[in-house]
Every structure is written in C-alpha cells, then in structure tokens.
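Engineer: What follows is final-v8.tsv, made up of TSV, C-alpha atoms:
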```tsv
chain	number	residue	atom	x	y	z
A	1	MET	CA	19.79	-130.77	100.00
A	2	ASN	CA	22.11	-130.31	97.04
A	3	SER	CA	22.96	-127.23	95.04
A	4	THR	CA	21.17	-126.56	91.74
A	5	PRO	CA	22.46	-124.62	88.70
A	6	ASP	CA	20.36	-121.58	89.59
A	7	ARG	CA	21.00	-121.85	93.35
A	8	PRO	CA	24.57	-123.13	93.69
A	9	TRP	CA	24.76	-122.00	97.33
A	10	ARG	CA	22.45	-124.79	98.45
A	11	GLY	CA	24.06	-127.73	100.20
A	12	VAL	CA	27.51	-127.79	101.78
A	13	LEU	CA	29.84	-125.20	100.29
A	14	VAL	CA	33.28	-125.19	101.84
A	15	ALA	CA	34.94	-121.86	102.55
A	16	THR	CA	38.25	-123.21	101.40
A	17	ALA	CA	41.49	-122.77	103.27
A	18	LEU	CA	44.33	-121.87	100.94
A	19	PRO	CA	47.52	-123.98	100.98
A	20	LEU	CA	50.60	-121.80	101.35
A	21	ARG	CA	54.10	-123.21	100.99
A	22	ALA	CA	55.96	-123.19	104.30
A	23	GLU	CA	59.24	-121.94	102.82
A	24	ASP	CA	57.96	-118.68	101.29
A	25	LEU	CA	54.16	-118.52	101.89
A	26	SER	CA	53.49	-118.69	98.14
A	27	VAL	CA	50.20	-120.22	97.00
A	28	ASP	CA	50.36	-123.89	96.04
A	29	TYR	CA	47.74	-123.89	93.29
A	30	GLU	CA	48.20	-127.56	92.47
A	31	ALA	CA	47.50	-128.50	96.08
A	32	TYR	CA	44.50	-126.16	96.11
A	33	ALA	CA	43.03	-127.79	93.02
A	34	ALA	CA	43.48	-131.22	94.58
A	35	HIS	CA	41.84	-130.01	97.80
A	36	CYS	CA	38.77	-128.72	95.94
A	37	ALA	CA	38.41	-132.01	94.08
A	38	TRP	CA	38.87	-133.97	97.31
A	39	LEU	CA	36.12	-132.00	99.05
A	40	VAL	CA	33.62	-132.74	96.27
A	41	ALA	CA	34.66	-136.39	96.19
A	42	ASN	CA	33.95	-136.55	99.90
A	43	GLY	CA	30.40	-135.29	99.75
A	44	CYS	CA	30.60	-131.50	99.61
A	45	ASP	CA	28.58	-129.63	97.00
A	46	GLY	CA	31.01	-126.85	96.16
A	47	VAL	CA	33.53	-124.32	97.37
A	48	VAL	CA	33.74	-120.65	98.26
A	49	PRO	CA	37.23	-119.39	97.40
A	50	ASN	CA	38.50	-115.96	98.47
A	51	GLY	CA	36.63	-115.78	101.73
A	52	SER	CA	38.33	-114.84	104.98
A	53	LEU	CA	39.29	-118.48	105.52
A	54	GLY	CA	41.04	-118.29	102.15
A	55	GLU	CA	43.00	-115.24	103.37
A	56	TYR	CA	41.89	-113.15	100.38
A	57	GLN	CA	42.80	-109.92	102.15
A	58	VAL	CA	46.52	-110.74	101.88
A	59	LEU	CA	46.51	-112.00	98.29
A	60	THR	CA	47.66	-110.01	95.30
A	61	PRO	CA	45.04	-109.39	92.60
A	62	ALA	CA	46.80	-111.93	90.37
A	63	GLU	CA	46.77	-114.54	93.13
A	64	ARG	CA	43.14	-113.87	93.92
A	65	ALA	CA	42.11	-114.28	90.29
A	66	ARG	CA	44.10	-117.47	89.88
A	67	VAL	CA	42.53	-118.99	93.01
A	68	VAL	CA	39.08	-118.70	91.43
A	69	GLU	CA	40.29	-120.02	88.09
A	70	THR	CA	42.01	-122.96	89.81
A	71	ALA	CA	38.82	-123.93	91.67
A	72	VAL	CA	36.73	-123.72	88.50
A	73	ALA	CA	39.21	-125.85	86.56
A	74	ALA	CA	39.19	-128.44	89.34
A	75	ILE	CA	35.44	-128.87	89.94
A	76	GLY	CA	33.50	-126.74	87.44
A	77	GLY	CA	32.15	-123.21	87.69
A	78	GLU	CA	28.70	-124.35	88.74
A	79	ARG	CA	30.23	-125.51	92.05
A	80	VAL	CA	32.25	-122.35	92.76
A	81	VAL	CA	30.83	-119.28	94.54
A	82	PRO	CA	33.72	-116.85	94.96
A	83	GLY	CA	33.92	-114.17	97.58
A	84	VAL	CA	34.09	-110.77	95.86
A	85	ALA	CA	34.47	-108.46	98.86
A	86	ALA	CA	36.43	-105.26	98.25
A	87	TYR	CA	36.69	-101.78	99.72
A	88	GLY	CA	35.13	-100.24	96.63
A	89	SER	CA	31.87	-101.26	94.96
A	90	GLY	CA	33.49	-100.92	91.55
A	91	GLU	CA	36.26	-103.30	92.52
A	92	ALA	CA	33.76	-105.79	93.97
A	93	ARG	CA	31.81	-105.61	90.71
A	94	ARG	CA	35.00	-106.28	88.73
A	95	TRP	CA	35.66	-109.36	90.85
A	96	ALA	CA	32.08	-110.50	90.15
A	97	GLU	CA	32.65	-109.99	86.43
A	98	HIS	CA	35.84	-112.02	86.69
A	99	ALA	CA	33.84	-114.80	88.38
A	100	ALA	CA	31.31	-114.69	85.54
A	101	ASP	CA	34.07	-114.88	82.94
A	102	ALA	CA	35.56	-117.86	84.80
A	103	GLY	CA	32.24	-119.73	84.57
A	104	CYS	CA	30.72	-119.18	88.02
A	105	ARG	CA	26.98	-118.74	88.56
A	106	ALA	CA	26.98	-116.79	91.85
A	107	VAL	CA	29.20	-114.77	94.16
A	108	MET	CA	29.31	-113.97	97.87
A	109	LEU	CA	29.47	-110.31	98.90
A	110	LEU	CA	30.10	-108.52	102.18
A	111	PRO	CA	28.56	-105.07	102.65
A	112	PRO	CA	30.84	-102.03	102.35
A	113	ASN	CA	33.56	-102.52	104.96
A	114	ALA	CA	35.98	-99.63	104.60
A	115	TYR	CA	33.79	-97.68	107.03
A	116	ARG	CA	30.51	-98.08	108.93
A	117	ALA	CA	28.22	-97.73	105.91
A	118	ASP	CA	24.68	-96.42	106.18
A	119	GLU	CA	21.75	-98.20	104.57
A	120	ARG	CA	21.78	-96.08	101.41
A	121	SER	CA	25.40	-97.07	100.85
A	122	VAL	CA	24.56	-100.73	101.43
A	123	HIS	CA	21.78	-100.60	98.84
A	124	ALA	CA	24.04	-98.89	96.32
A	125	HIS	CA	26.85	-101.38	96.94
A	126	TYR	CA	24.72	-104.46	96.32
A	127	ALA	CA	23.00	-102.85	93.34
A	128	GLU	CA	26.38	-102.15	91.73
A	129	VAL	CA	27.67	-105.70	92.12
A	130	ALA	CA	24.36	-107.22	90.99
A	131	ARG	CA	24.88	-105.44	87.66
A	132	ALA	CA	27.57	-108.01	86.89
A	133	GLY	CA	24.69	-110.39	86.15
A	134	LEU	CA	25.40	-113.16	88.67
A	135	SER	CA	23.28	-114.18	91.63
A	136	VAL	CA	24.55	-112.57	94.83
A	137	VAL	CA	24.75	-114.20	98.25
A	138	ALA	CA	24.96	-111.43	100.84
A	139	TYR	CA	27.29	-112.08	103.76
A	140	ASN	CA	26.21	-110.66	107.09
A	141	ASN	CA	29.22	-110.39	109.39
A	142	PRO	CA	28.54	-107.40	111.66
A	143	TYR	CA	31.56	-108.19	113.84
A	144	ASP	CA	34.18	-107.65	111.17
A	145	THR	CA	32.40	-105.15	108.90
A	146	LYS	CA	30.55	-103.12	111.57
A	147	VAL	CA	27.59	-103.15	109.18
A	148	ASP	CA	24.60	-105.23	110.26
A	149	LEU	CA	22.41	-106.67	107.53
A	150	THR	CA	19.24	-106.92	109.59
A	151	PRO	CA	16.31	-109.04	108.41
A	152	ARG	CA	14.48	-105.89	107.32
A	153	LEU	CA	17.45	-104.62	105.31
A	154	LEU	CA	18.01	-108.04	103.75
A	155	ALA	CA	14.34	-108.18	102.75
A	156	GLU	CA	14.70	-104.78	101.07
A	157	LEU	CA	17.79	-105.92	99.17
A	158	HIS	CA	15.97	-109.06	98.06
A	159	ASP	CA	12.85	-107.16	97.04
A	160	ALA	CA	15.06	-104.89	94.93
A	161	GLY	CA	16.51	-107.93	93.17
A	162	HIS	CA	20.03	-107.35	94.44
A	163	ILE	CA	20.46	-110.58	96.45
A	164	GLN	CA	19.08	-114.12	96.30
A	165	ALA	CA	20.52	-115.58	99.51
A	166	VAL	CA	22.30	-114.56	102.70
A	167	LYS	CA	25.16	-116.15	104.58
A	168	GLU	CA	24.15	-115.35	108.15
A	169	PHE	CA	27.00	-115.00	110.64
A	170	SER	CA	25.47	-112.82	113.36
A	171	GLY	CA	24.99	-115.83	115.65
A	172	ASP	CA	21.46	-114.66	116.49
A	173	VAL	CA	19.38	-117.64	115.42
A	174	ARG	CA	16.17	-115.72	116.13
A	175	ARG	CA	16.77	-113.72	112.98
A	176	ALA	CA	16.11	-116.75	110.79
A	177	TRP	CA	12.45	-116.79	111.71
A	178	GLU	CA	11.99	-113.06	111.15
A	179	LEU	CA	13.79	-113.26	107.83
A	180	ALA	CA	11.52	-116.11	106.72
A	181	GLU	CA	8.50	-113.91	107.43
A	182	LEU	CA	9.88	-110.80	105.71
A	183	ALA	CA	11.51	-112.49	102.69
A	184	PRO	CA	10.26	-116.09	102.33
A	185	GLU	CA	11.96	-116.51	98.91
A	186	LEU	CA	15.39	-115.44	100.20
A	187	ASP	CA	17.55	-118.47	100.90
A	188	LEU	CA	19.12	-118.62	104.34
A	189	VAL	CA	22.66	-120.01	104.33
A	190	ILE	CA	24.37	-121.02	107.57
A	191	GLY	CA	27.41	-118.83	108.01
A	192	ALA	CA	28.90	-120.02	111.30
A	193	ASP	CA	29.68	-123.66	111.96
A	194	ASP	CA	28.60	-123.56	115.61
A	195	VAL	CA	24.95	-122.63	114.93
A	196	LEU	CA	24.41	-125.20	112.20
A	197	LEU	CA	21.75	-127.25	113.93
A	198	GLU	CA	19.79	-124.22	115.08
A	199	LEU	CA	19.70	-122.57	111.65
A	200	ALA	CA	19.01	-125.84	109.87
A	201	ALA	CA	15.95	-126.27	112.09
A	202	ALA	CA	14.88	-122.77	111.05
A	203	GLY	CA	14.92	-123.69	107.37
A	204	ALA	CA	18.44	-122.99	106.12
A	205	LYS	CA	19.09	-124.20	102.58
A	206	GLY	CA	22.89	-124.21	102.61
A	207	TRP	CA	26.01	-124.04	104.74
A	208	VAL	CA	29.14	-122.05	103.90
A	209	ALA	CA	31.33	-124.13	106.13
A	210	GLY	CA	34.83	-124.07	107.55
A	211	TYR	CA	35.41	-127.41	109.21
A	212	PRO	CA	34.70	-129.64	106.20
A	213	ASN	CA	38.19	-128.57	105.12
A	214	ALA	CA	39.35	-131.17	107.67
A	215	LEU	CA	36.29	-133.40	108.20
A	216	PRO	CA	34.12	-133.28	105.06
A	217	ARG	CA	32.24	-136.56	105.38
A	218	ALA	CA	31.19	-136.07	109.00
A	219	CYS	CA	30.22	-132.44	108.38
A	220	GLY	CA	28.23	-133.39	105.29
A	221	GLU	CA	26.40	-136.08	107.20
A	222	LEU	CA	25.62	-133.57	109.95
A	223	PHE	CA	24.22	-131.00	107.54
A	224	ARG	CA	22.07	-133.45	105.64
A	225	ALA	CA	20.65	-134.95	108.82
A	226	ALA	CA	20.00	-131.50	110.28
A	227	VAL	CA	18.08	-130.12	107.29
A	228	ALA	CA	16.12	-133.37	107.07
A	229	GLY	CA	15.05	-133.07	110.71
A	230	ASP	CA	16.83	-136.31	111.58
A	231	THR	CA	17.81	-135.30	115.10
A	232	GLY	CA	18.67	-138.88	116.01
A	233	THR	CA	21.61	-138.64	113.63
A	234	ALA	CA	22.33	-134.92	113.86
A	235	LEU	CA	22.41	-134.39	117.63
A	236	PRO	CA	25.17	-136.88	118.48
A	237	LEU	CA	27.27	-135.65	115.55
A	238	TYR	CA	26.75	-132.02	116.52
A	239	ARG	CA	27.68	-132.74	120.11
A	240	SER	CA	30.84	-134.54	119.03
A	241	LEU	CA	31.89	-131.90	116.51
A	242	HIS	CA	30.95	-128.76	118.42
A	243	PRO	CA	34.28	-128.39	120.28
A	244	LEU	CA	35.77	-127.87	116.81
A	245	LEU	CA	32.88	-126.08	115.13
A	246	ARG	CA	32.96	-123.25	117.66
A	247	TRP	CA	36.44	-122.29	116.49
A	248	ASP	CA	34.84	-121.09	113.25
A	249	SER	CA	33.45	-118.12	115.18
A	250	ARG	CA	36.73	-117.16	116.85
A	251	THR	CA	39.42	-114.75	115.70
A	252	GLU	CA	41.89	-117.60	115.20
A	253	PHE	CA	39.57	-119.69	113.02
A	254	VAL	CA	41.95	-119.87	110.06
A	255	GLN	CA	44.85	-121.14	112.17
A	256	ALA	CA	42.58	-123.60	114.02
A	257	ILE	CA	41.08	-125.11	110.88
A	258	LYS	CA	44.47	-125.39	109.19
A	259	LEU	CA	45.84	-127.20	112.26
A	260	SER	CA	42.89	-129.61	112.21
A	261	MET	CA	43.58	-130.26	108.53
A	262	ASP	CA	47.19	-131.13	109.32
A	263	LEU	CA	46.12	-133.49	112.08
A	264	ALA	CA	43.50	-135.14	109.87
A	265	GLY	CA	46.08	-135.94	107.20
A	266	ARG	CA	45.42	-132.99	104.90
A	267	TYR	CA	47.74	-130.06	104.29
A	268	GLY	CA	46.68	-127.01	106.28
A	269	GLY	CA	50.03	-125.30	106.63
A	270	PRO	CA	50.87	-121.76	107.71
A	271	CYS	CA	49.02	-118.46	107.33
A	272	ARG	CA	50.26	-115.19	105.93
A	273	PRO	CA	50.86	-112.27	108.31
A	274	PRO	CA	49.36	-110.52	110.12
A	275	ARG	CA	47.94	-113.84	111.31
A	276	VAL	CA	50.31	-115.46	113.80
A	277	PRO	CA	50.42	-119.06	115.08
A	278	LEU	CA	48.04	-120.22	117.78
A	279	LEU	CA	49.07	-119.74	121.38
A	280	PRO	CA	50.20	-122.98	123.05
A	281	GLU	CA	46.98	-123.32	125.03
A	282	GLN	CA	44.90	-122.70	121.89
A	283	GLU	CA	46.88	-125.26	119.93
A	284	LYS	CA	46.42	-127.74	122.77
A	285	ASP	CA	42.63	-127.27	122.69
A	286	VAL	CA	42.36	-127.60	118.91
A	287	ARG	CA	44.65	-130.60	118.88
A	288	ALA	CA	42.68	-132.37	121.63
A	289	ALA	CA	39.31	-131.73	119.97
A	290	THR	CA	40.61	-132.83	116.55
A	291	GLU	CA	42.21	-135.99	117.91
A	292	ALA	CA	38.95	-136.83	119.72
A	293	ALA	CA	37.01	-136.43	116.46
A	294	ILE	CA	39.52	-138.61	114.61
A	295	ALA	CA	39.36	-141.27	117.34
A	296	ALA	CA	35.57	-141.23	117.04
A	297	GLY	CA	35.86	-142.03	113.33
A	298	LEU	CA	34.79	-138.61	112.11
A	299	ALA	CA	37.82	-137.92	109.89
```
For this file, write the structure as structure tokens.
Structural biologist:
Amino acid sequence: MNSTPDRPWRGVLVATALPLRAEDLSVDYEAYAAHCAWLVANGCDGVVPNGSLGEYQVLTPAERARVVETAVAAIGGERVVPGVAAYGSGEARRWAEHAADAGCRAVMLLPPNAYRADERSVHAHYAEVARAGLSVVAYNNPYDTKVDLTPRLLAELHDAGHIQAVKEFSGDVRRAWELAELAPELDLVIGADDVLLELAAAGAKGWVAGYPNALPRACGELFRAAVAGDTGTALPLYRSLHPLLRWDSRTEFVQAIKLSMDLAGRYGGPCRPPRVPLLPEQEKDVRAATEAAIAAGLA
C-alpha cells in the first residue's frame, strides 16, 4: 500500500534519525538529504522529520525549519509529513504553516504535552492546528505526553474534521478494532515497530517506522506482506526483525536505531544531550541483534 497525494501517510514513512556531526553535534544537512533520498530509493514511501527520533526537542527553531526544507528538497513535499509538536497550539500551528509553505501535504501532531490536558484542551489544540489547512495525523503517545487519545476521542476529533489519521503508539492492539467501528474513515497508522504485524492485521494503512533507517528493504517487505495478509512472508521476517523492532518502544530507541545504522553501513552517529550513550549491556544486545539481521541478509 503506497501513499497517495491526499493521504501521504499511507505506506512506509520513516521517522528519520538526524545525522549529527561527532565533533560538535551540529546537523549535517547534506547527509540528511542523502539519507532521505536513500530511504525512498530503497522502497520507503516518505519520511517524517522532526519526530522524537529526529531529536526535534533539542533543535533550534532555525534547525528545525531547515530539516523540513532539506527533506522536501531531497524527495519532494508530497513525501514529507513533518512532526509539528510544540508546547503551545499557536506554535504548533506555525510549524504546520511552515510545512505548508515548504510544500508538504500533511503533518503529524501530538496532543498538548506541557501538562496533562483535558479533552476540551485536546479538541481546541487539534482545531487550531487544522486551521493551517493541511491534513493532520494525530499521534497517540500516552507514555510521553500523559494524554491518551482513546478511540472515542479520536473519533470525535475525526468527526469534527480536525484529523484524518492517527499514529497509534499505545501498544494496545485491541484499540484498532474499536477505532474501526467508531471512525471507519480514519486511517490507522502503525506507530510502534514491535506491533506492526498485529496492527497490519487490524487494517492499518501506514507505518511511521523507526528501523527502516537501518534496514529499509527488509522493513518495507515486512510491511507490504503484512498488510496484504501474506503471513507466509511476513511471519518469518517479523520473527527475525523483532529483537530490533522492540527497541522502538524503549526509552533508548534513538541511540539503538542510530547504532544499528552504523553497523548496517549507514551513518547513525551520536545524539544530543540529554540523551546519553547506551549502557554496555544495551549496546551488546543491539549489536548482536543487528549483526544477526545483517547475517540473515536483511540489511
């Protein structure tokens, strides 16, 4: 299932890791552009810059804007769905307007996350950003935001015209079926790598993915087989990749994915503080799982 101009979140969209130079942790925009182009050349449908994997929280506004512009220049705005999360709804709307000016068709938006927002605040937040005129993919991450976009609340946001899809990261695969009943026209997008098969079986239309940063072809094959119901292809791939995919749901996911990129011959590189390097035992686990995937021909 590939993205379409009006639904660019369909297919495999990579939540892109951001290459930072080892000597000063500055952004290497040339390397980032090359990485976006490489992902599309290797079977991915688009990218999501300025998500948590892209370390947007520790970028300056100028850096954050240039990241989006770099991705658009590399692969075209129709393939770029920027994250526009911000503490204030007005700021999130301005980031959505910047995405529109850059040529994007859709954005991804967390709920208010400066505090535990109530449902009225959630409605107002999504309504404000929707006024920018782009399609909005809601991002449900109750662990980090402390705001849970339940199926009922998502259906209300969709009915109000504020969102067209949801990146679901709760890990509760039962929600997919309830959401399909309450809002059948709302696209479900897989938000955590380690529940891909389960949410694909429940009708997911897209995957905002972390591990294609290192293993795009294998991850793309997995997604396409899963949404097609080809379990003969999908199950062995899922079993082989799952020791890596589960890192996407852990606190150290950015460091783990960047290490896998390094091992797979890409540039992952360091992270900006406050993220710190993996512990030795964590690095050992990621290294072993990545090397096993490479040995199995999945890189």
Engineer: With only C-alpha atoms as the atoms that count, which of A:Ser121, A:Asn42, A:Gln164, A:Thr150 lies nearest to Leu215 (chain A)?
Structural biologist: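 Checking each of A:Ser121, A:Asn42, A:Gln164, A:Thr150 against Leu215 (chain A), counting only C-alpha atoms, the winner is A:Asn42.
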Engineer: To one decimal in Å, tell me the separation between CA of Arg250 (chain A) and CA of Gln282 (chain A).
Structural biologist: 11.1 Å
Engineer: Extract, using only C-alpha atoms, all DNA, RNA and protein residues at most 9 Å from Val58 (chain A), discarding same-chain residues fewer than 5 positions from it, and format them as a PyMOL selection string.
Structural biologist: chain A and resi 272-274
Engineer: Suppose you want the space between CA of Pro112 (chain A) and CA of Lys146 (chain A); what is it in Å?
Structural biologist: 9.3 Å
Engineer: Excluding Asn50 (chain A) and any residue of its chain fewer than 5 positions from it, enumerate the residues within 9 Å of it, using all atoms listed in the file, and give them as a VMD selection string.
Structural biologist: chain A and resid 15 to 18 55 to 57 59 64 67 to 68 82 to 85
Engineer: Keeping just C-alpha atoms, export region 83-114 of chain A of this structure as a compact mmCIF listing (two decimals), in the first residue's frame.
Structural biologist:
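Contents of the output file decode-v4.txt:
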```
# COMPACT_ATOMS: atom_id res chain seq x y z
CA GLY A 83 6.13 16.49 13.11
CA VAL A 84 4.76 19.81 14.37
CA ALA A 85 4.55 19.13 18.11
CA ALA A 86 5.01 22.15 20.38
CA TYR A 87 4.07 23.23 23.88
CA GLY A 88 1.68 25.85 22.53
CA SER A 89 -1.08 25.33 19.98
CA GLY A 90 -0.14 28.58 18.27
CA GLU A 91 3.44 27.41 17.85
CA ALA A 92 2.29 24.03 16.53
CA ARG A 93 0.07 25.83 14.03
CA ARG A 94 3.02 27.98 12.91
CA TRP A 95 5.06 24.83 12.31
CA ALA A 96 2.16 23.43 10.27
CA GLU A 97 2.05 26.64 8.24
CA HIS A 98 5.79 26.34 7.67
CA ALA A 99 5.24 22.78 6.42
CA ALA A 100 2.57 24.03 4.03
CA ASP A 101 4.86 26.77 2.74
CA ALA A 102 7.60 24.16 2.22
CA GLY A 103 5.27 22.08 0.04
CA CYS A 104 4.07 19.37 2.42
CA ARG A 105 0.55 17.94 2.29
CA ALA A 106 0.16 16.70 5.88
CA VAL A 107 1.67 16.99 9.36
CA MET A 108 1.88 14.80 12.45
CA LEU A 109 0.72 16.28 15.75
CA LEU A 110 0.96 15.16 19.37
CA PRO A 111 -1.74 16.33 21.78
CA PRO A 112 -0.88 19.14 24.22
CA ASN A 113 2.09 17.89 26.22
CA ALA A 114 3.14 20.71 28.54
```
